[in-house]
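Peer 1: Below is the file input.cif, with mmCIF, C-alpha atoms and all ligand atoms.
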data_run
#
loop_
_atom_site.label_atom_id
_atom_site.label_comp_id
_atom_site.auth_asym_id
_atom_site.auth_seq_id
_atom_site.Cartn_x
_atom_site.Cartn_y
_atom_site.Cartn_z
CA MET A 23 -52.12 -86.35 291.37
CA HIS A 24 -50.09 -88.88 289.57
CA GLY A 25 -50.47 -92.40 290.88
CA ILE A 26 -48.14 -92.34 293.84
CA ASP A 27 -49.67 -95.59 295.04
CA LYS A 28 -47.94 -97.48 292.26
CA ARG A 29 -44.54 -96.05 292.92
CA PRO A 30 -41.86 -98.47 294.03
CA GLY A 31 -40.35 -95.72 296.15
CA CYS A 32 -42.90 -96.72 298.74
CA GLY A 33 -41.50 -100.22 298.68
CA GLY A 34 -44.88 -101.70 297.96
CA GLU A 35 -46.05 -100.29 301.25
CA GLU A 36 -49.30 -98.53 301.68
CA CYS A 37 -47.62 -95.27 302.62
CA GLY A 38 -48.42 -93.51 299.38
CA ASP A 39 -51.91 -94.86 299.13
CA ARG A 40 -53.12 -93.70 302.47
CA ALA A 41 -51.32 -90.42 302.52
CA MET A 42 -52.48 -89.50 299.08
CA ALA A 43 -56.00 -90.75 299.68
CA SER A 44 -56.08 -88.27 302.49
CA PHE A 45 -54.71 -85.50 300.35
CA SER A 46 -57.19 -86.22 297.60
CA ARG A 47 -59.95 -85.19 299.93
CA ARG A 48 -58.40 -81.81 300.28
CA ARG A 49 -58.88 -78.88 298.01
CA PHE A 50 -56.27 -78.82 295.28
CA LEU A 51 -54.20 -75.87 294.22
CA ASN A 52 -54.05 -77.02 290.67
CA THR A 53 -52.66 -73.73 289.51
CA THR A 54 -49.39 -74.62 291.19
CA LEU A 55 -49.01 -77.83 289.24
CA THR A 56 -46.69 -77.73 286.29
CA GLY A 57 -46.92 -81.31 285.11
CA ALA A 58 -46.16 -84.76 286.32
CA SER A 59 -42.94 -83.84 288.04
CA ALA A 60 -44.62 -81.06 289.97
CA GLY A 61 -46.45 -83.89 291.36
CA VAL A 62 -47.81 -85.36 294.36
CA LEU A 63 -46.80 -82.83 296.93
CA ALA A 64 -48.47 -79.90 295.25
CA GLY A 65 -52.10 -80.88 295.64
CA ILE A 66 -52.67 -79.78 299.18
CA GLY A 67 -55.42 -77.48 300.26
CA THR A 68 -55.00 -74.20 302.02
CA GLU A 69 -56.46 -75.27 305.34
CA LEU A 70 -53.21 -76.71 306.63
CA GLY A 71 -51.75 -73.73 308.39
CA ALA A 72 -52.21 -74.92 311.94
CA PRO A 73 -51.10 -78.51 312.57
CA SER A 74 -51.26 -80.18 315.92
CA PRO A 75 -48.44 -78.93 318.14
CA ALA A 76 -47.86 -82.47 319.44
CA ARG A 77 -47.58 -83.99 315.97
CA ALA A 78 -44.51 -86.15 316.55
CA GLN A 79 -46.09 -87.95 319.45
CA THR A 80 -49.29 -88.74 317.60
CA ILE A 81 -47.88 -90.27 314.43
CA THR A 82 -48.17 -94.02 314.46
CA SER A 83 -47.77 -95.18 310.85
CA PRO A 84 -45.61 -94.66 307.76
CA ALA A 85 -48.58 -93.10 305.97
CA GLU A 86 -49.09 -90.51 308.69
CA ALA A 87 -45.37 -89.74 308.74
CA LEU A 88 -45.35 -89.14 305.00
CA GLN A 89 -48.45 -86.99 305.27
CA ALA A 90 -46.84 -84.84 307.95
CA LEU A 91 -43.82 -84.17 305.74
CA VAL A 92 -45.98 -83.45 302.70
CA GLU A 93 -48.19 -81.04 304.62
CA GLY A 94 -45.15 -79.34 306.14
CA ASN A 95 -43.60 -78.81 302.72
CA GLN A 96 -46.86 -77.26 301.54
CA ARG A 97 -46.79 -74.82 304.46
CA TYR A 98 -43.21 -73.99 303.49
CA VAL A 99 -44.14 -73.40 299.87
CA GLU A 100 -47.05 -71.22 300.96
CA ARG A 101 -44.87 -69.37 303.48
CA GLN A 102 -47.06 -70.38 306.38
CA LEU A 103 -44.34 -71.81 308.61
CA THR A 104 -45.18 -72.83 312.16
CA PHE A 105 -41.98 -74.47 313.35
CA TYR A 106 -40.45 -71.42 314.97
CA GLN A 107 -43.27 -70.90 317.45
CA LYS A 108 -43.25 -74.61 318.25
CA ASP A 109 -39.48 -74.64 318.74
CA LEU A 110 -39.80 -71.89 321.30
CA ALA A 111 -42.60 -73.74 323.05
CA ILE A 112 -40.57 -76.94 323.18
CA LEU A 113 -37.54 -75.14 324.56
CA GLN A 114 -39.70 -73.49 327.17
CA GLN A 115 -41.09 -76.87 328.19
CA ARG A 116 -37.52 -78.17 328.61
CA THR A 117 -38.25 -81.55 327.08
CA ALA A 118 -34.56 -82.16 326.46
CA GLU A 119 -34.43 -85.65 327.89
CA LYS A 120 -36.23 -87.45 325.06
CA GLN A 121 -36.82 -87.42 321.35
CA GLU A 122 -39.59 -89.02 319.33
CA PRO A 123 -38.88 -88.24 315.68
CA PHE A 124 -41.51 -89.63 313.32
CA ALA A 125 -39.30 -89.70 310.21
CA SER A 126 -35.70 -89.95 309.09
CA VAL A 127 -34.57 -87.84 306.19
CA LEU A 128 -31.35 -88.56 304.31
CA SER A 129 -30.50 -85.38 302.48
CA CYS A 130 -27.53 -83.75 300.84
CA ALA A 131 -25.31 -81.45 302.89
CA ASP A 132 -26.14 -78.67 300.42
CA SER A 133 -26.89 -75.42 302.27
CA ARG A 134 -30.00 -74.89 300.15
CA VAL A 135 -31.67 -77.96 301.63
CA PRO A 136 -32.48 -77.11 305.28
CA VAL A 137 -34.55 -80.16 306.06
CA GLU A 138 -36.56 -79.02 309.08
CA LEU A 139 -37.33 -75.74 307.40
CA ILE A 140 -38.59 -77.15 304.12
CA PHE A 141 -40.89 -79.56 305.95
CA ASP A 142 -41.87 -77.00 308.60
CA GLN A 143 -40.89 -79.32 311.40
CA SER A 144 -39.80 -78.28 314.86
CA ILE A 145 -37.40 -79.73 317.44
CA GLY A 146 -37.59 -83.49 317.95
CA HIS A 147 -39.67 -84.36 314.88
CA VAL A 148 -37.23 -85.36 312.16
CA PHE A 149 -34.09 -87.47 312.46
CA VAL A 150 -31.93 -85.74 309.87
CA ASN A 151 -28.93 -87.40 308.25
CA ARG A 152 -26.94 -85.27 305.84
CA VAL A 153 -23.99 -86.01 303.62
CA ALA A 154 -23.00 -84.69 300.21
CA GLY A 155 -24.95 -86.59 297.58
CA ASN A 156 -27.42 -88.07 300.12
CA ILE A 157 -25.64 -91.40 299.90
CA ALA A 158 -26.25 -94.49 302.00
CA THR A 159 -22.78 -95.12 303.38
CA THR A 160 -22.21 -97.62 306.17
CA GLU A 161 -22.27 -94.87 308.78
CA ILE A 162 -25.43 -93.33 307.35
CA ILE A 163 -27.16 -96.71 307.34
CA ALA A 164 -26.14 -97.20 310.96
CA SER A 165 -27.53 -93.80 311.88
CA ILE A 166 -30.81 -94.45 310.10
CA GLU A 167 -31.06 -97.89 311.71
CA TYR A 168 -30.76 -96.17 315.08
CA GLY A 169 -33.53 -93.79 314.11
CA ALA A 170 -35.86 -96.60 313.13
CA ALA A 171 -35.03 -99.35 315.59
CA VAL A 172 -34.37 -97.27 318.70
CA LEU A 173 -36.22 -94.00 318.18
CA GLY A 174 -39.13 -95.45 316.24
CA THR A 175 -39.17 -93.44 313.03
CA LYS A 176 -41.94 -94.58 310.71
CA LEU A 177 -40.61 -93.24 307.44
CA ILE A 178 -37.26 -92.82 305.72
CA MET A 179 -37.11 -90.21 302.98
CA VAL A 180 -34.06 -89.99 300.73
CA LEU A 181 -34.21 -86.37 299.63
CA SER A 182 -32.30 -85.35 296.52
CA HIS A 183 -32.29 -81.79 295.21
CA GLY A 184 -31.78 -79.64 292.15
CA ASN A 185 -28.31 -78.55 291.05
CA CYS A 186 -26.61 -81.07 293.32
CA GLY A 187 -22.87 -80.45 293.21
CA ALA A 188 -21.99 -83.98 294.28
CA VAL A 189 -23.92 -85.50 291.40
CA ALA A 190 -22.60 -82.90 288.97
CA ALA A 191 -19.04 -83.66 290.06
CA THR A 192 -19.60 -87.37 289.62
CA ILE A 193 -20.89 -86.77 286.10
CA ALA A 194 -17.89 -84.57 285.33
CA GLY A 195 -15.49 -87.10 286.80
CA LYS A 196 -12.64 -84.64 287.04
CA ALA A 197 -9.81 -84.71 289.56
CA VAL A 198 -10.73 -83.05 292.86
CA PRO A 199 -8.75 -82.33 296.03
CA GLY A 200 -8.53 -84.55 299.08
CA GLN A 201 -11.10 -87.29 299.53
CA ILE A 202 -13.97 -85.64 297.69
CA SER A 203 -13.85 -88.26 294.97
CA SER A 204 -14.70 -90.92 297.55
CA LEU A 205 -18.29 -89.75 297.11
CA TYR A 206 -18.25 -90.67 293.46
CA ARG A 207 -18.40 -94.42 293.86
CA TYR A 208 -21.73 -94.17 295.64
CA ILE A 209 -23.23 -91.91 292.97
CA ARG A 210 -21.65 -93.55 289.92
CA PRO A 211 -24.38 -96.24 289.57
CA ALA A 212 -26.97 -93.48 289.12
CA VAL A 213 -24.90 -91.79 286.43
CA ASN A 214 -24.38 -95.12 284.73
CA GLN A 215 -28.11 -95.69 284.82
CA ALA A 216 -29.41 -92.23 283.92
CA GLY A 217 -26.60 -90.73 281.86
CA ASP A 218 -25.13 -87.26 282.18
CA ASN A 219 -28.39 -85.34 282.57
CA LEU A 220 -28.06 -83.80 286.03
CA ARG A 221 -31.73 -83.95 286.99
CA ALA A 222 -32.14 -87.53 285.76
CA ALA A 223 -28.97 -88.70 287.50
CA THR A 224 -29.95 -86.92 290.71
CA GLU A 225 -33.35 -88.60 290.79
CA ALA A 226 -31.81 -91.96 289.92
CA ASN A 227 -29.37 -91.53 292.77
CA ALA A 228 -32.17 -90.90 295.25
CA ARG A 229 -33.99 -94.02 294.09
CA ILE A 230 -30.83 -96.11 294.27
CA GLN A 231 -29.94 -94.92 297.77
CA ALA A 232 -33.51 -95.61 298.91
CA GLN A 233 -33.30 -99.10 297.46
CA LEU A 234 -29.96 -99.62 299.20
CA LEU A 235 -31.51 -98.70 302.52
CA LYS A 236 -34.35 -101.13 301.96
CA GLU A 237 -32.14 -104.01 300.90
CA SER A 238 -28.83 -103.67 302.70
CA SER A 239 -30.08 -103.51 306.27
CA PRO A 240 -31.79 -106.51 307.86
CA VAL A 241 -32.90 -104.18 310.65
CA LEU A 242 -34.74 -101.87 308.26
CA ALA A 243 -35.98 -104.73 306.08
CA GLY A 244 -37.56 -106.37 309.10
CA LEU A 245 -39.42 -103.21 310.09
CA ILE A 246 -40.57 -102.72 306.50
CA LYS A 247 -41.86 -106.28 306.34
CA GLU A 248 -43.83 -105.70 309.53
CA GLY A 249 -45.42 -102.60 308.03
CA LYS A 250 -43.83 -100.34 310.63
CA LEU A 251 -41.53 -98.50 308.24
CA SER A 252 -41.53 -97.21 304.68
CA VAL A 253 -38.75 -95.84 302.50
CA VAL A 254 -39.40 -93.21 299.84
CA ALA A 255 -37.24 -91.20 297.46
CA ALA A 256 -37.94 -87.55 296.78
CA PHE A 257 -36.63 -84.48 294.96
CA TYR A 258 -36.45 -80.96 296.35
CA ASP A 259 -36.68 -78.13 293.83
CA VAL A 260 -34.35 -75.39 295.06
CA LYS A 261 -36.13 -72.89 292.83
CA ASN A 262 -39.65 -73.13 294.20
CA GLY A 263 -39.31 -75.12 297.43
CA LYS A 264 -41.46 -78.05 296.35
CA VAL A 265 -40.69 -81.62 297.33
CA THR A 266 -41.83 -84.25 294.84
CA LEU A 267 -41.98 -87.95 295.56
CA LEU A 268 -40.13 -90.09 293.02
CA SER A 269 -41.10 -93.38 291.54
ZN ZN B 1 -26.33 -81.99 296.73
#
For the structure just supplied, provide its representation as structure tokens.
Peer 2:
Amino acid sequence: MHGIDKRPGCGGEECGDRAMASFSRRRFLNTTLTGASAGVLAGIGTELGAPSPARAQTITSPAEALQALVEGNQRYVERQLTFYQKDLAILQQRTAEKQEPFASVLSCADSRVPVELIFDQSIGHVFVNRVAGNIATTEIIASIEYGAAVLGTKLIMVLSHGNCGAVAATIAGKAVPGQISSLYRYIRPAVNQAGDNLRAATEANARIQAQLLKESSPVLAGLIKEGKLSVVAAFYDVKNGKVTLLS
């Protein structure tokens, strides 16, 4: 456990505090920790295999939303997925007329980052926004605003990942076909800040996009100020499946 409560990725909100306070009461799997970066999502006990089937409808705070994602990622890492059975149940119940996602996730389009799968979440739980480089474009901000203001998501997670091609291409800065280079301008500030180390630039990009979401949208800023919404940045390790919250 590494002081998530002090991390600006939570925007000064209590999301990290409460979620992690809850986790700290659980039994740790310290053998899975490999250092600070292995981090905050690794310390979950083994008793989490059977979450409430109605989870999305019971989540009422940013802290609970973050906890649900963290616990789902732990089930994924431990290969104790539950989403498939719940998907079938939801389809059988024919609840197609409404959605109540508890979180928005802005992730890369990379095929190795299947968001619902890595958080073990079923139909209707996560409002997923994907674009190469997990960048907060105008359209992405609009989509995430819809998730928060209309659908009531409690948490926004900007999810970066290992070996991100969009970040690598921005670092390389070489000519590319079509409009691919239009991604670069969103990612360039992270490369300028973190240098040409891919992991460092990728994490910097997630933090910058999270900050953009917090600052560029009056809609989101208002919800954050009211304590109804938190924004966090995170990193997904494509090698071991772990999601780590970033400072
Ligand atoms: Zn990527």
Peer 1: Give as a list in words the residues surrounding ligand ZN 1 (chain B) up to a distance of 10 Å, considering only C-alpha atoms and all ligand atoms.
Peer 2: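 With only C-alpha atoms and all ligand atoms and a cut-off of 10 Å, ligand ZN 1 (chain B) is contacted by Ser129, Cys130, Ala131, Asp132, Ser133, Arg134, Val135, Arg152, Val153, Ala154, Gly155, Asn156, Ile157, Leu181, Ser182, His183, Gly184, Asn185, Cys186, Gly187, Ala188, Val189, Ala190 and Thr224 of chain A.
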Peer 1: Taking all atoms listed in the file into account, which of A:Val254, A:Leu234, A:Ile193, A:Val148 comes nearest Ala216 (chain A)?
Peer 2: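 Distance minimum relative to Ala216 (chain A) lands on A:Ile193.
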Peer 1: Record the distance separating CA of Ala158 (chain A) and CA of Ser204 (chain A), expressed in Å with one decimal.
Peer 2: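 Atom-to-atom, CA of Ala158 (chain A) to CA of Ser204 (chain A), that is 12.9 Å.
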Peer 1: Could you list, as a VMD selection string, every residue within 10 Å of Gln143 (chain A), counting only C-alpha atoms and ignoring same-chain residues fewer than 2 positions away?
Peer 2: chain A and resid 77 to 78 90 to 91 94 to 95 98 103 to 106 108 to 109 137 to 141 145 to 148
Peer 1: Between A:Asp142, A:Glu225, A:Glu122, A:Glu93, which residue has the minimum interatomic distance to Val180 (chain A), considering only C-alpha atoms?
Peer 2: A:Glu225
Peer 1: Rounded to one decimal in Å, what is the spacing between CA of Ser126 (chain A) and CA of Ala226 (chain A)?
Peer 2: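 According to the coordinates, CA of Ser126 (chain A) and CA of Ala226 (chain A) are separated by 19.7 Å.
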Peer 1: Determine, counting only C-alpha atoms, every residue of protein, DNA or RNA that lies within 9 Å of (-44.1, -90.4, 317.3) in the file coordinates, then give the result as a list of chain:residue names.
Peer 2: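 Output of the proximity query reads A:Arg77, A:Ala78, A:Gln79, A:Thr80, A:Ile81, A:Thr82, A:Ser83, A:Ala87, A:Gln121, A:Glu122, A:Pro123, A:Phe124, A:Ala125, A:His147, A:Leu173, A:Gly174, A:Thr175, A:Lys176.
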Peer 1: Would you work out the distance separating CA of Ile178 (chain A) from CA of Lys264 (chain A), expressed in Å to one decimal?
Peer 2: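 Interatomic distance, CA of Ile178 (chain A) to CA of Lys264 (chain A): 18.0 Å.
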Peer 1: Rank A:Lys261, A:Val172, A:Ser203, A:Leu245 by their smallest atom-to-atom distance to Lys120 (chain A), using only C-alpha atoms, and report the top residue only.
Peer 2: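 Smallest separation from Lys120 (chain A) among the options: A:Val172.
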Peer 1: Padding of 5 Å on every side, edges along x, y and z, all listed atoms of region 92-107 of chain A included: what centre and edge lengths in Å, to one decimal, does that box have, as JSON?
Peer 2:
{"center_x": -44.3, "center_y": -76.4, "center_z": 308.7, "size_x": 17.7, "size_y": 24.1, "size_z": 27.6}
Peer 1: Using only C-alpha atoms, which residue out of A:Val241, A:Leu235, A:Leu268, A:Ile163 lies closest to Val253 (chain A)?
Peer 2: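 Once distances to Val253 (chain A) are computed over only C-alpha atoms, the minimum belongs to A:Leu235.
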Peer 1: Measuring atom to atom with all atoms listed in the file, identify which of A:Tyr258, A:Gln89, A:Ser238, A:Asn214 is nearest to Pro136 (chain A).
Peer 2: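 Among A:Tyr258, A:Gln89, A:Ser238, A:Asn214, it is A:Tyr258 that comes nearest to Pro136 (chain A).
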Peer 1: Taking all atoms listed in the file into account, name the residue in A:Ala171, A:Val99, A:Leu113, A:Val260 that is nearest to Gly244 (chain A).
Peer 2: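 Counting all atoms listed in the file, the residue closest to Gly244 (chain A) is A:Ala171.
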Peer 1: Would you fill the gaps in region 206-228 of chain A so it has N, CA, C and O atoms, then print it as a PDB file, in the coordinates of the input?
Peer 2:
ATOM      1  N   TYR A 206     -17.856 -90.306 294.815  1.00  0.00           N
ATOM      2  CA  TYR A 206     -18.250 -90.670 293.460  1.00  0.00           C
ATOM      3  C   TYR A 206     -18.745 -92.119 293.345  1.00  0.00           C
ATOM      4  O   TYR A 206     -19.687 -92.405 292.623  1.00  0.00           O
ATOM      5  N   ARG A 207     -18.066 -93.010 294.054  1.00  0.00           N
ATOM      6  CA  ARG A 207     -18.400 -94.420 293.860  1.00  0.00           C
ATOM      7  C   ARG A 207     -19.829 -94.749 294.294  1.00  0.00           C
ATOM      8  O   ARG A 207     -20.434 -95.697 293.797  1.00  0.00           O
ATOM      9  N   TYR A 208     -20.349 -93.937 295.222  1.00  0.00           N
ATOM     10  CA  TYR A 208     -21.730 -94.170 295.640  1.00  0.00           C
ATOM     11  C   TYR A 208     -22.728 -93.636 294.600  1.00  0.00           C
ATOM     12  O   TYR A 208     -23.848 -94.137 294.490  1.00  0.00           O
ATOM     13  N   ILE A 209     -22.324 -92.589 293.900  1.00  0.00           N
ATOM     14  CA  ILE A 209     -23.230 -91.910 292.970  1.00  0.00           C
ATOM     15  C   ILE A 209     -23.077 -92.443 291.539  1.00  0.00           C
ATOM     16  O   ILE A 209     -23.981 -92.333 290.717  1.00  0.00           O
ATOM     17  N   ARG A 210     -21.932 -93.062 291.275  1.00  0.00           N
ATOM     18  CA  ARG A 210     -21.650 -93.550 289.920  1.00  0.00           C
ATOM     19  C   ARG A 210     -22.748 -94.465 289.356  1.00  0.00           C
ATOM     20  O   ARG A 210     -23.102 -94.346 288.166  1.00  0.00           O
ATOM     21  N   PRO A 211     -23.316 -95.392 290.137  1.00  0.00           N
ATOM     22  CA  PRO A 211     -24.380 -96.240 289.570  1.00  0.00           C
ATOM     23  C   PRO A 211     -25.543 -95.438 289.003  1.00  0.00           C
ATOM     24  O   PRO A 211     -26.132 -95.837 287.985  1.00  0.00           O
ATOM     25  N   ALA A 212     -25.867 -94.315 289.628  1.00  0.00           N
ATOM     26  CA  ALA A 212     -26.970 -93.480 289.120  1.00  0.00           C
ATOM     27  C   ALA A 212     -26.594 -92.841 287.786  1.00  0.00           C
ATOM     28  O   ALA A 212     -27.429 -92.742 286.881  1.00  0.00           O
ATOM     29  N   VAL A 213     -25.348 -92.401 287.681  1.00  0.00           N
ATOM     30  CA  VAL A 213     -24.900 -91.790 286.430  1.00  0.00           C
ATOM     31  C   VAL A 213     -24.841 -92.852 285.333  1.00  0.00           C
ATOM     32  O   VAL A 213     -25.229 -92.600 284.184  1.00  0.00           O
ATOM     33  N   ASN A 214     -24.396 -94.032 285.703  1.00  0.00           N
ATOM     34  CA  ASN A 214     -24.380 -95.120 284.730  1.00  0.00           C
ATOM     35  C   ASN A 214     -25.793 -95.450 284.247  1.00  0.00           C
ATOM     36  O   ASN A 214     -26.006 -95.787 283.077  1.00  0.00           O
ATOM     37  N   GLN A 215     -26.737 -95.348 285.164  1.00  0.00           N
ATOM     38  CA  GLN A 215     -28.110 -95.690 284.820  1.00  0.00           C
ATOM     39  C   GLN A 215     -28.813 -94.584 284.043  1.00  0.00           C
ATOM     40  O   GLN A 215     -29.530 -94.847 283.080  1.00  0.00           O
ATOM     41  N   ALA A 216     -28.612 -93.342 284.457  1.00  0.00           N
ATOM     42  CA  ALA A 216     -29.410 -92.230 283.920  1.00  0.00           C
ATOM     43  C   ALA A 216     -28.660 -91.372 282.905  1.00  0.00           C
ATOM     44  O   ALA A 216     -29.264 -90.511 282.261  1.00  0.00           O
ATOM     45  N   GLY A 217     -27.354 -91.553 282.795  1.00  0.00           N
ATOM     46  CA  GLY A 217     -26.600 -90.730 281.860  1.00  0.00           C
ATOM     47  C   GLY A 217     -26.147 -89.417 282.484  1.00  0.00           C
ATOM     48  O   GLY A 217     -26.219 -89.237 283.702  1.00  0.00           O
ATOM     49  N   ASP A 218     -25.741 -88.478 281.655  1.00  0.00           N
ATOM     50  CA  ASP A 218     -25.130 -87.260 282.180  1.00  0.00           C
ATOM     51  C   ASP A 218     -26.109 -86.103 282.347  1.00  0.00           C
ATOM     52  O   ASP A 218     -25.699 -84.970 282.567  1.00  0.00           O
ATOM     53  N   ASN A 219     -27.399 -86.361 282.240  1.00  0.00           N
ATOM     54  CA  ASN A 219     -28.390 -85.340 282.570  1.00  0.00           C
ATOM     55  C   ASN A 219     -28.467 -85.190 284.098  1.00  0.00           C
ATOM     56  O   ASN A 219     -28.751 -86.161 284.803  1.00  0.00           O
ATOM     57  N   LEU A 220     -28.191 -83.990 284.574  1.00  0.00           N
ATOM     58  CA  LEU A 220     -28.060 -83.800 286.030  1.00  0.00           C
ATOM     59  C   LEU A 220     -29.337 -84.149 286.773  1.00  0.00           C
ATOM     60  O   LEU A 220     -29.294 -84.842 287.797  1.00  0.00           O
ATOM     61  N   ARG A 221     -30.467 -83.683 286.297  1.00  0.00           N
ATOM     62  CA  ARG A 221     -31.730 -83.950 286.990  1.00  0.00           C
ATOM     63  C   ARG A 221     -32.030 -85.455 287.004  1.00  0.00           C
ATOM     64  O   ARG A 221     -32.392 -86.033 288.043  1.00  0.00           O
ATOM     65  N   ALA A 222     -31.852 -86.093 285.845  1.00  0.00           N
ATOM     66  CA  ALA A 222     -32.140 -87.530 285.760  1.00  0.00           C
ATOM     67  C   ALA A 222     -31.203 -88.330 286.657  1.00  0.00           C
ATOM     68  O   ALA A 222     -31.637 -89.263 287.355  1.00  0.00           O
ATOM     69  N   ALA A 223     -29.933 -87.976 286.663  1.00  0.00           N
ATOM     70  CA  ALA A 223     -28.970 -88.700 287.500  1.00  0.00           C
ATOM     71  C   ALA A 223     -29.238 -88.461 288.982  1.00  0.00           C
ATOM     72  O   ALA A 223     -29.096 -89.366 289.812  1.00  0.00           O
ATOM     73  N   THR A 224     -29.650 -87.243 289.305  1.00  0.00           N
ATOM     74  CA  THR A 224     -29.950 -86.920 290.710  1.00  0.00           C
ATOM     75  C   THR A 224     -31.144 -87.736 291.206  1.00  0.00           C
ATOM     76  O   THR A 224     -31.121 -88.280 292.314  1.00  0.00           O
ATOM     77  N   GLU A 225     -32.178 -87.815 290.387  1.00  0.00           N
ATOM     78  CA  GLU A 225     -33.350 -88.600 290.790  1.00  0.00           C
ATOM     79  C   GLU A 225     -33.005 -90.089 290.849  1.00  0.00           C
ATOM     80  O   GLU A 225     -33.443 -90.797 291.753  1.00  0.00           O
ATOM     81  N   ALA A 226     -32.223 -90.549 289.894  1.00  0.00           N
ATOM     82  CA  ALA A 226     -31.810 -91.960 289.920  1.00  0.00           C
ATOM     83  C   ALA A 226     -31.013 -92.261 291.174  1.00  0.00           C
ATOM     84  O   ALA A 226     -31.180 -93.316 291.799  1.00  0.00           O
ATOM     85  N   ASN A 227     -30.167 -91.326 291.560  1.00  0.00           N
ATOM     86  CA  ASN A 227     -29.370 -91.530 292.770  1.00  0.00           C
ATOM     87  C   ASN A 227     -30.252 -91.645 294.010  1.00  0.00           C
ATOM     88  O   ASN A 227     -30.024 -92.502 294.877  1.00  0.00           O
ATOM     89  N   ALA A 228     -31.268 -90.808 294.104  1.00  0.00           N
ATOM     90  CA  ALA A 228     -32.170 -90.900 295.250  1.00  0.00           C
ATOM     91  C   ALA A 228     -32.872 -92.257 295.299  1.00  0.00           C
ATOM     92  O   ALA A 228     -33.002 -92.875 296.362  1.00  0.00           O
TER      93      ALA A 228
END
